[in-house]
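Source file: input_16.txt (compact mmCIF, C-alpha atoms)
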```
# COMPACT_ATOMS: atom_id res chain seq x y z
CA MET A 1 2.80 7.33 3.68
CA SER A 2 4.04 10.21 5.79
CA GLY A 3 2.83 12.27 8.67
CA VAL A 4 2.00 15.95 8.60
CA GLU A 5 4.00 18.70 10.21
CA VAL A 6 2.53 19.44 13.59
CA VAL A 7 1.66 23.08 14.22
CA THR A 8 4.36 24.76 16.29
CA GLY A 9 3.68 26.00 19.80
CA SER A 10 4.54 25.34 23.39
CA GLU A 11 4.83 21.76 24.59
CA SER A 12 1.72 22.15 26.73
CA GLN A 13 -0.26 23.47 23.77
CA ARG A 14 0.99 20.66 21.56
CA ALA A 15 0.04 18.03 24.14
CA ALA A 16 -3.38 19.60 24.55
CA ARG A 17 -4.01 19.53 20.80
CA LEU A 18 -2.90 15.91 20.49
CA LEU A 19 -5.22 14.96 23.33
CA ALA A 20 -8.06 16.92 21.73
CA ALA A 21 -7.49 15.05 18.47
CA GLU A 22 -7.69 11.76 20.36
CA VAL A 23 -10.95 12.83 22.04
CA ASN A 24 -12.37 13.46 18.58
CA ALA A 25 -11.25 9.99 17.50
CA MET A 26 -12.93 8.50 20.57
CA GLU A 27 -16.14 10.34 19.77
CA LEU A 28 -15.95 9.16 16.17
CA PHE A 29 -15.64 5.51 17.15
CA ALA A 30 -18.39 5.85 19.75
CA GLU A 31 -20.66 7.17 17.01
CA VAL A 32 -19.64 4.31 14.74
CA GLU A 33 -20.89 1.92 17.41
CA ARG A 34 -24.07 3.90 18.10
CA ARG A 35 -24.99 3.88 14.42
CA GLY A 36 -24.20 0.19 14.01
CA LEU A 37 -21.88 0.84 11.08
CA ILE A 38 -20.01 -2.40 11.77
CA ALA A 39 -22.63 -4.99 10.98
CA ALA A 40 -23.05 -8.42 9.44
CA GLY A 41 -23.55 -8.32 5.69
CA ARG A 42 -21.38 -5.25 5.13
CA ARG A 43 -17.94 -5.45 3.55
CA ASP A 44 -14.76 -4.34 5.31
CA ARG A 45 -14.12 -1.66 2.68
CA GLU A 46 -17.72 -0.48 2.84
CA VAL A 47 -17.40 0.03 6.60
CA SER A 48 -14.08 1.84 6.17
CA ASP A 49 -15.67 4.23 3.68
CA ALA A 50 -18.65 4.77 5.98
CA ILE A 51 -16.33 5.70 8.88
CA ARG A 52 -14.40 8.01 6.56
CA ASP A 53 -17.62 9.77 5.55
CA LEU A 54 -18.76 10.00 9.17
CA ALA A 55 -15.43 11.58 10.19
CA HIS A 56 -15.91 14.18 7.48
CA ASP A 57 -19.48 14.90 8.54
CA MET A 58 -18.65 15.14 12.25
CA PHE A 59 -15.28 16.88 12.15
CA GLY A 60 -14.50 17.89 8.57
CA VAL A 61 -11.70 15.32 8.36
CA ARG A 62 -10.23 15.06 4.86
CA ASN A 63 -6.79 13.54 5.45
CA TYR A 64 -5.29 10.58 7.29
CA TRP A 65 -1.67 10.09 8.21
CA HIS A 66 -1.80 6.38 7.50
CA LYS A 67 -4.05 4.06 5.52
CA ARG A 68 -7.52 3.41 6.87
CA ILE A 69 -8.01 -0.16 8.11
CA VAL A 70 -11.13 -2.19 8.81
CA ARG A 71 -10.59 -5.95 9.04
CA SER A 72 -12.91 -8.78 9.98
CA GLY A 73 -12.69 -12.51 10.62
CA PRO A 74 -9.42 -14.07 9.41
CA ASN A 75 -8.33 -10.68 8.06
CA THR A 76 -7.80 -9.63 11.68
CA LEU A 77 -4.68 -11.80 11.74
CA GLN A 78 -3.03 -9.53 9.18
CA PRO A 79 -0.51 -6.91 10.38
CA TYR A 80 -0.60 -3.25 9.36
CA ARG A 81 1.40 -3.74 6.19
CA GLY A 82 -0.84 -6.58 5.02
CA ASN A 83 -3.50 -5.98 2.38
CA PRO A 84 -5.99 -8.84 2.77
CA PRO A 85 -8.90 -9.19 0.32
CA ASP A 86 -12.12 -7.39 1.05
CA ARG A 87 -14.68 -9.65 2.72
CA VAL A 88 -18.27 -9.67 3.95
CA ILE A 89 -18.61 -9.44 7.73
CA ASP A 90 -20.29 -12.49 9.28
CA ALA A 91 -22.84 -12.49 12.09
CA ASP A 92 -20.35 -13.96 14.59
CA ASP A 93 -17.25 -12.01 13.49
CA ILE A 94 -14.65 -10.00 15.31
CA VAL A 95 -13.77 -6.73 13.55
CA PHE A 96 -11.16 -4.08 14.20
CA ALA A 97 -10.64 -0.57 12.91
CA ASP A 98 -7.36 1.38 12.83
CA PHE A 99 -7.63 5.02 11.75
CA GLY A 100 -5.21 7.95 11.76
CA PRO A 101 -7.45 10.98 11.18
CA ILE A 102 -5.98 14.47 11.09
CA PHE A 103 -8.06 17.00 13.03
CA ASP A 104 -7.15 20.61 12.22
CA GLY A 105 -3.57 19.57 11.42
CA TRP A 106 -3.13 17.33 14.47
CA GLU A 107 -2.74 13.57 14.24
CA ALA A 108 -4.69 10.95 16.11
CA ASP A 109 -3.92 7.24 15.89
CA PHE A 110 -6.73 5.20 17.30
CA GLY A 111 -7.84 1.59 17.11
CA ARG A 112 -10.61 -0.48 18.60
CA THR A 113 -12.14 -3.95 18.26
CA PHE A 114 -15.81 -4.83 17.90
CA VAL A 115 -17.36 -8.26 18.49
CA LEU A 116 -20.54 -9.38 16.78
CA GLY A 117 -22.35 -12.33 18.28
CA ASP A 118 -21.73 -14.16 21.55
CA ASP A 119 -18.41 -15.99 21.08
CA PRO A 120 -16.91 -15.89 24.61
CA VAL A 121 -13.30 -16.15 23.41
CA LYS A 122 -13.69 -13.17 21.09
CA HIS A 123 -15.30 -11.18 23.87
CA ARG A 124 -12.47 -12.15 26.24
CA LEU A 125 -9.90 -10.98 23.70
CA ASN A 126 -11.66 -7.66 23.34
CA ALA A 127 -11.75 -7.18 27.12
CA ASP A 128 -8.10 -8.21 27.49
CA LEU A 129 -6.99 -5.61 24.96
CA ALA A 130 -8.14 -2.76 27.20
CA THR A 131 -6.82 -4.44 30.36
CA ILE A 132 -3.37 -5.08 28.89
CA PHE A 133 -3.20 -1.57 27.47
CA ALA A 134 -3.97 -0.07 30.88
CA ALA A 135 -1.39 -2.28 32.60
CA GLY A 136 1.25 -1.33 30.04
CA GLN A 137 0.51 2.36 30.39
CA THR A 138 0.74 2.14 34.18
CA TYR A 139 4.10 0.37 33.88
CA PHE A 140 5.34 3.15 31.61
CA LEU A 141 4.07 5.95 33.85
CA ASP A 142 5.79 4.46 36.91
CA ARG A 143 9.24 4.34 35.24
CA PRO A 144 10.60 7.73 34.13
CA ASP A 145 13.64 6.32 32.29
CA ILE A 146 12.02 3.32 30.62
CA THR A 147 13.25 2.40 27.13
CA GLY A 148 11.24 1.04 24.24
CA ASP A 149 12.89 -2.35 24.67
CA GLU A 150 11.99 -2.51 28.37
CA LEU A 151 8.34 -1.65 27.77
CA PHE A 152 8.16 -4.10 24.86
CA THR A 153 9.50 -6.92 27.04
CA HIS A 154 6.93 -6.12 29.72
CA MET A 155 4.12 -6.04 27.17
CA LEU A 156 5.12 -9.45 25.84
CA GLY A 157 4.84 -10.83 29.37
CA LEU A 158 1.38 -9.34 29.87
CA ILE A 159 0.22 -10.72 26.53
CA ALA A 160 1.58 -14.21 27.21
CA ASP A 161 0.07 -14.28 30.70
CA ALA A 162 -3.33 -13.56 29.16
CA GLY A 163 -2.91 -16.43 26.72
CA TRP A 164 -2.52 -14.47 23.49
CA GLU A 165 0.20 -13.92 20.90
CA LEU A 166 1.48 -10.60 19.60
CA GLY A 167 0.66 -10.35 15.91
CA ILE A 168 3.25 -7.70 15.01
CA THR A 169 6.90 -6.94 15.82
CA HIS A 170 6.28 -3.99 18.14
CA THR A 171 3.80 -2.60 20.64
CA GLY A 172 3.79 1.02 19.60
CA HIS A 173 5.52 3.88 17.84
CA LEU A 174 6.16 7.60 17.74
CA LEU A 175 3.16 9.71 16.80
CA GLY A 176 3.42 11.29 13.38
CA GLU A 177 6.06 12.50 10.97
CA PHE A 178 7.44 9.19 9.72
CA PRO A 179 6.25 6.19 7.73
CA HIS A 180 5.66 3.40 10.26
CA GLU A 181 5.32 0.60 7.72
CA ARG A 182 8.60 -1.11 8.53
CA ILE A 183 11.33 -1.36 11.15
CA ASP A 184 14.89 -1.28 9.92
CA GLY A 185 18.21 0.24 10.86
CA ASP A 186 18.00 3.33 13.04
CA LYS A 187 14.20 3.37 12.66
CA VAL A 188 14.02 0.81 15.49
CA THR A 189 14.20 3.74 17.90
CA TYR A 190 10.88 5.00 16.50
CA TYR A 191 9.16 1.91 17.94
CA ILE A 192 8.41 0.18 21.21
CA THR A 193 10.20 -3.00 20.23
CA ALA A 194 13.22 -5.21 20.84
CA GLY A 195 16.46 -3.27 20.57
CA SER A 196 14.86 0.15 21.02
CA ASP A 197 17.33 1.19 23.71
CA GLN A 198 16.67 4.93 24.01
CA PRO A 199 14.47 6.34 26.77
CA LEU A 200 10.94 6.87 25.54
CA ARG A 201 10.85 10.21 27.36
CA ARG A 202 13.20 12.17 25.13
CA THR A 203 13.20 14.95 22.57
CA ASP A 204 13.33 14.56 18.82
CA SER A 205 15.81 16.16 16.41
CA THR A 206 13.91 19.46 16.57
CA GLY A 207 13.96 19.56 20.38
CA ARG A 208 10.31 18.70 20.86
CA ALA A 209 9.07 16.07 23.29
CA CYS A 210 8.44 12.67 21.74
CA HIS A 211 4.88 11.41 22.07
CA TRP A 212 4.06 7.74 21.80
CA ILE A 213 1.24 5.45 20.72
CA LEU A 214 0.83 2.15 22.56
CA GLU A 215 -0.43 -0.41 20.04
CA LEU A 216 -1.71 -3.93 20.63
CA HIS A 217 -2.45 -6.46 17.92
CA LEU A 218 -3.24 -9.71 19.71
CA VAL A 219 -4.02 -12.91 17.85
CA ASP A 220 -5.29 -16.43 18.38
CA ARG A 221 -3.83 -18.22 15.37
CA GLU A 222 -5.44 -21.55 16.25
CA ARG A 223 -8.93 -20.04 16.19
CA GLY A 224 -8.08 -17.74 13.30
CA PHE A 225 -8.76 -14.23 14.58
CA GLY A 226 -7.17 -11.25 16.27
CA GLY A 227 -7.98 -7.94 17.92
CA PHE A 228 -6.52 -4.45 17.94
CA TYR A 229 -6.31 -1.53 20.36
CA GLU A 230 -4.26 1.66 20.28
CA GLN A 231 -4.13 5.19 21.59
CA LEU A 232 -1.75 7.65 23.22
CA LEU A 233 0.65 6.20 25.77
CA ASP A 234 2.36 9.16 27.40
CA LEU A 235 -0.46 11.72 27.38
CA GLN A 236 -3.50 11.14 29.55
CA HIS A 237 -6.95 12.67 29.64
CA GLU A 238 -8.05 14.41 32.82
CA PRO A 239 -10.64 12.42 34.77
CA ARG A 240 -14.19 13.66 34.21
```
Starting from the file, lay out its structure as structure tokens.
Amino acid sequence: MSGVEVVTGSESQRAARLLAAEVNAMELFAEVERRGLIAAGRRDREVSDAIRDLAHDMFGVRNYWHKRIVRSGPNTLQPYRGNPPDRVIDADDIVFADFGPIFDGWEADFGRTFVLGDDPVKHRLNADLATIFAAGQTYFLDRPDITGDELFTHMLGLIADAGWELGITHTGHLLGEFPHERIDGDKVTYYITAGSDQPLRRTDSTGRACHWILELHLVDRERGFGGFYEQLLDLQHEPR
């Protein structure tokens, strides 16, 4: 798995295109919810294919910069690199989707969680994902020189305070142009994780500004489920 080369241009143009790609991803997931594509009786893979087809119909998307993920029930405990068996979604399931669609050559990396039924703990997890994301982004925005390690430590505190466990070894990564399936050696600086001691606000080897995804995979191992949430960390949409 590898990213695509981002179209060259000014930093402001690049940021605008990345934000536009994320808006498309938001619209895609909103349409997924409106159409009820995530529903009891459907299989994880069936839903993934339906979202893929919808992305093509809405935006002409043909390529993704990482594998498409839809996971339900106990499969939601599995990290990115896991490949759990396909399963039928139950009426009281929690489901998450993690997609990296490429819109006109620009990457988005977007994830959301959906709760079927009335389980209050699953609904609390889903609500906490957005709350913790917002708190982490605010912490980042208030600290110009923050490192990946510092933000990771703060995120762990937020997650623990809410009563959840982090299901992966990081809370985010650079957007695009590298395979983010593992952390090893110097690749630790590509992630928001322990030991990532470089400032997040920096330039890459080509002199372009680094842009980051904040990623949350929270789990309740005792109850056997998890939730997922991700989007851009350092670029923000203008209020409407």
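Pairwise distance (atom CA of A:Val219, atom CA of A:His123) equals 12.9 Å.
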List every protein, DNA or RNA residue that has an atom no more than 12 Å from (-15.1, -1.0, 0.1) in the file's coordinate frame, counting only C-alpha atoms, and report them as a ChimeraX atom specification.
/A:42-52,68-71,85-89
Using only C-alpha atoms, please write the residues we just selected to a file, as a PDB file, in the coordinates of the input.
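Saved as selection.pdb:
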```pdb
ATOM      1  CA  ARG A  42     -21.380  -5.250   5.130  1.00  0.00           C
ATOM      2  CA  ARG A  43     -17.940  -5.450   3.550  1.00  0.00           C
ATOM      3  CA  ASP A  44     -14.760  -4.340   5.310  1.00  0.00           C
ATOM      4  CA  ARG A  45     -14.120  -1.660   2.680  1.00  0.00           C
ATOM      5  CA  GLU A  46     -17.720  -0.480   2.840  1.00  0.00           C
ATOM      6  CA  VAL A  47     -17.400   0.030   6.600  1.00  0.00           C
ATOM      7  CA  SER A  48     -14.080   1.840   6.170  1.00  0.00           C
ATOM      8  CA  ASP A  49     -15.670   4.230   3.680  1.00  0.00           C
ATOM      9  CA  ALA A  50     -18.650   4.770   5.980  1.00  0.00           C
ATOM     10  CA  ILE A  51     -16.330   5.700   8.880  1.00  0.00           C
ATOM     11  CA  ARG A  52     -14.400   8.010   6.560  1.00  0.00           C
ATOM     12  CA  ARG A  68      -7.520   3.410   6.870  1.00  0.00           C
ATOM     13  CA  ILE A  69      -8.010  -0.160   8.110  1.00  0.00           C
ATOM     14  CA  VAL A  70     -11.130  -2.190   8.810  1.00  0.00           C
ATOM     15  CA  ARG A  71     -10.590  -5.950   9.040  1.00  0.00           C
ATOM     16  CA  PRO A  85      -8.900  -9.190   0.320  1.00  0.00           C
ATOM     17  CA  ASP A  86     -12.120  -7.390   1.050  1.00  0.00           C
ATOM     18  CA  ARG A  87     -14.680  -9.650   2.720  1.00  0.00           C
ATOM     19  CA  VAL A  88     -18.270  -9.670   3.950  1.00  0.00           C
ATOM     20  CA  ILE A  89     -18.610  -9.440   7.730  1.00  0.00           C
TER      21      ILE A  89
END
```
Would you pick out the contacts of stretch 76-83 of chain A at 12 Å or less, using all atoms listed in the file, so that residues sharing its chain but fewer than 3 positions from it are not included, and give the list as a tab-separated table (two decimals) with C-alpha atoms, keeping the file's coordinate frame?
```
chain	number	residue	atom	x	y	z
A	1	MET	CA	2.80	7.33	3.68
A	44	ASP	CA	-14.76	-4.34	5.31
A	45	ARG	CA	-14.12	-1.66	2.68
A	66	HIS	CA	-1.80	6.38	7.50
A	67	LYS	CA	-4.05	4.06	5.52
A	68	ARG	CA	-7.52	3.41	6.87
A	69	ILE	CA	-8.01	-0.16	8.11
A	70	VAL	CA	-11.13	-2.19	8.81
A	71	ARG	CA	-10.59	-5.95	9.04
A	72	SER	CA	-12.91	-8.78	9.98
A	73	GLY	CA	-12.69	-12.51	10.62
A	86	ASP	CA	-12.12	-7.39	1.05
A	87	ARG	CA	-14.68	-9.65	2.72
A	89	ILE	CA	-18.61	-9.44	7.73
A	93	ASP	CA	-17.25	-12.01	13.49
A	94	ILE	CA	-14.65	-10.00	15.31
A	95	VAL	CA	-13.77	-6.73	13.55
A	96	PHE	CA	-11.16	-4.08	14.20
A	97	ALA	CA	-10.64	-0.57	12.91
A	98	ASP	CA	-7.36	1.38	12.83
A	99	PHE	CA	-7.63	5.02	11.75
A	111	GLY	CA	-7.84	1.59	17.11
A	112	ARG	CA	-10.61	-0.48	18.60
A	113	THR	CA	-12.14	-3.95	18.26
A	114	PHE	CA	-15.81	-4.83	17.90
A	115	VAL	CA	-17.36	-8.26	18.49
A	122	LYS	CA	-13.69	-13.17	21.09
A	165	GLU	CA	0.20	-13.92	20.90
A	166	LEU	CA	1.48	-10.60	19.60
A	167	GLY	CA	0.66	-10.35	15.91
A	168	ILE	CA	3.25	-7.70	15.01
A	169	THR	CA	6.90	-6.94	15.82
A	170	HIS	CA	6.28	-3.99	18.14
A	171	THR	CA	3.80	-2.60	20.64
A	172	GLY	CA	3.79	1.02	19.60
A	179	PRO	CA	6.25	6.19	7.73
A	180	HIS	CA	5.66	3.40	10.26
A	181	GLU	CA	5.32	0.60	7.72
A	182	ARG	CA	8.60	-1.11	8.53
A	183	ILE	CA	11.33	-1.36	11.15
A	215	GLU	CA	-0.43	-0.41	20.04
A	216	LEU	CA	-1.71	-3.93	20.63
A	217	HIS	CA	-2.45	-6.46	17.92
A	218	LEU	CA	-3.24	-9.71	19.71
A	219	VAL	CA	-4.02	-12.91	17.85
A	220	ASP	CA	-5.29	-16.43	18.38
A	221	ARG	CA	-3.83	-18.22	15.37
A	222	GLU	CA	-5.44	-21.55	16.25
A	223	ARG	CA	-8.93	-20.04	16.19
A	224	GLY	CA	-8.08	-17.74	13.30
A	225	PHE	CA	-8.76	-14.23	14.58
A	226	GLY	CA	-7.17	-11.25	16.27
A	227	GLY	CA	-7.98	-7.94	17.92
A	228	PHE	CA	-6.52	-4.45	17.94
A	229	TYR	CA	-6.31	-1.53	20.36
```
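The coordinates place atom CA of A:Ser196 at 23.4 Å from atom CA of A:Gly100.
Note that the spacing between atom CA of A:Ala194 and atom CA of A:Leu214 amounts to 14.5 Å.
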Box for stretch 97-104 of chain A - axis-aligned, 5 Å on each of the six sides, all listed atoms - centre and size in Å to one decimal, as lines of an AutoDock Vina configuration file.
```
center_x = -7.9
center_y = 10.0
center_z = 12.1
size_x = 15.4
size_y = 31.2
size_z = 11.9
```
I want to know what sits within 12 Å of A:Thr138, based on all atoms listed in the file, with residues of the same chain fewer than 2 positions away left out; could you give that as a PyMOL selection string?
chain A and resi 131-136+140-144+146+151+154-155+214+233-236
Top pick for closest residue to A:Asn63, considering A:Ala160, A:Ala15, A:Leu129, A:Ile102 and counting only C-alpha atoms:
A:Ile102
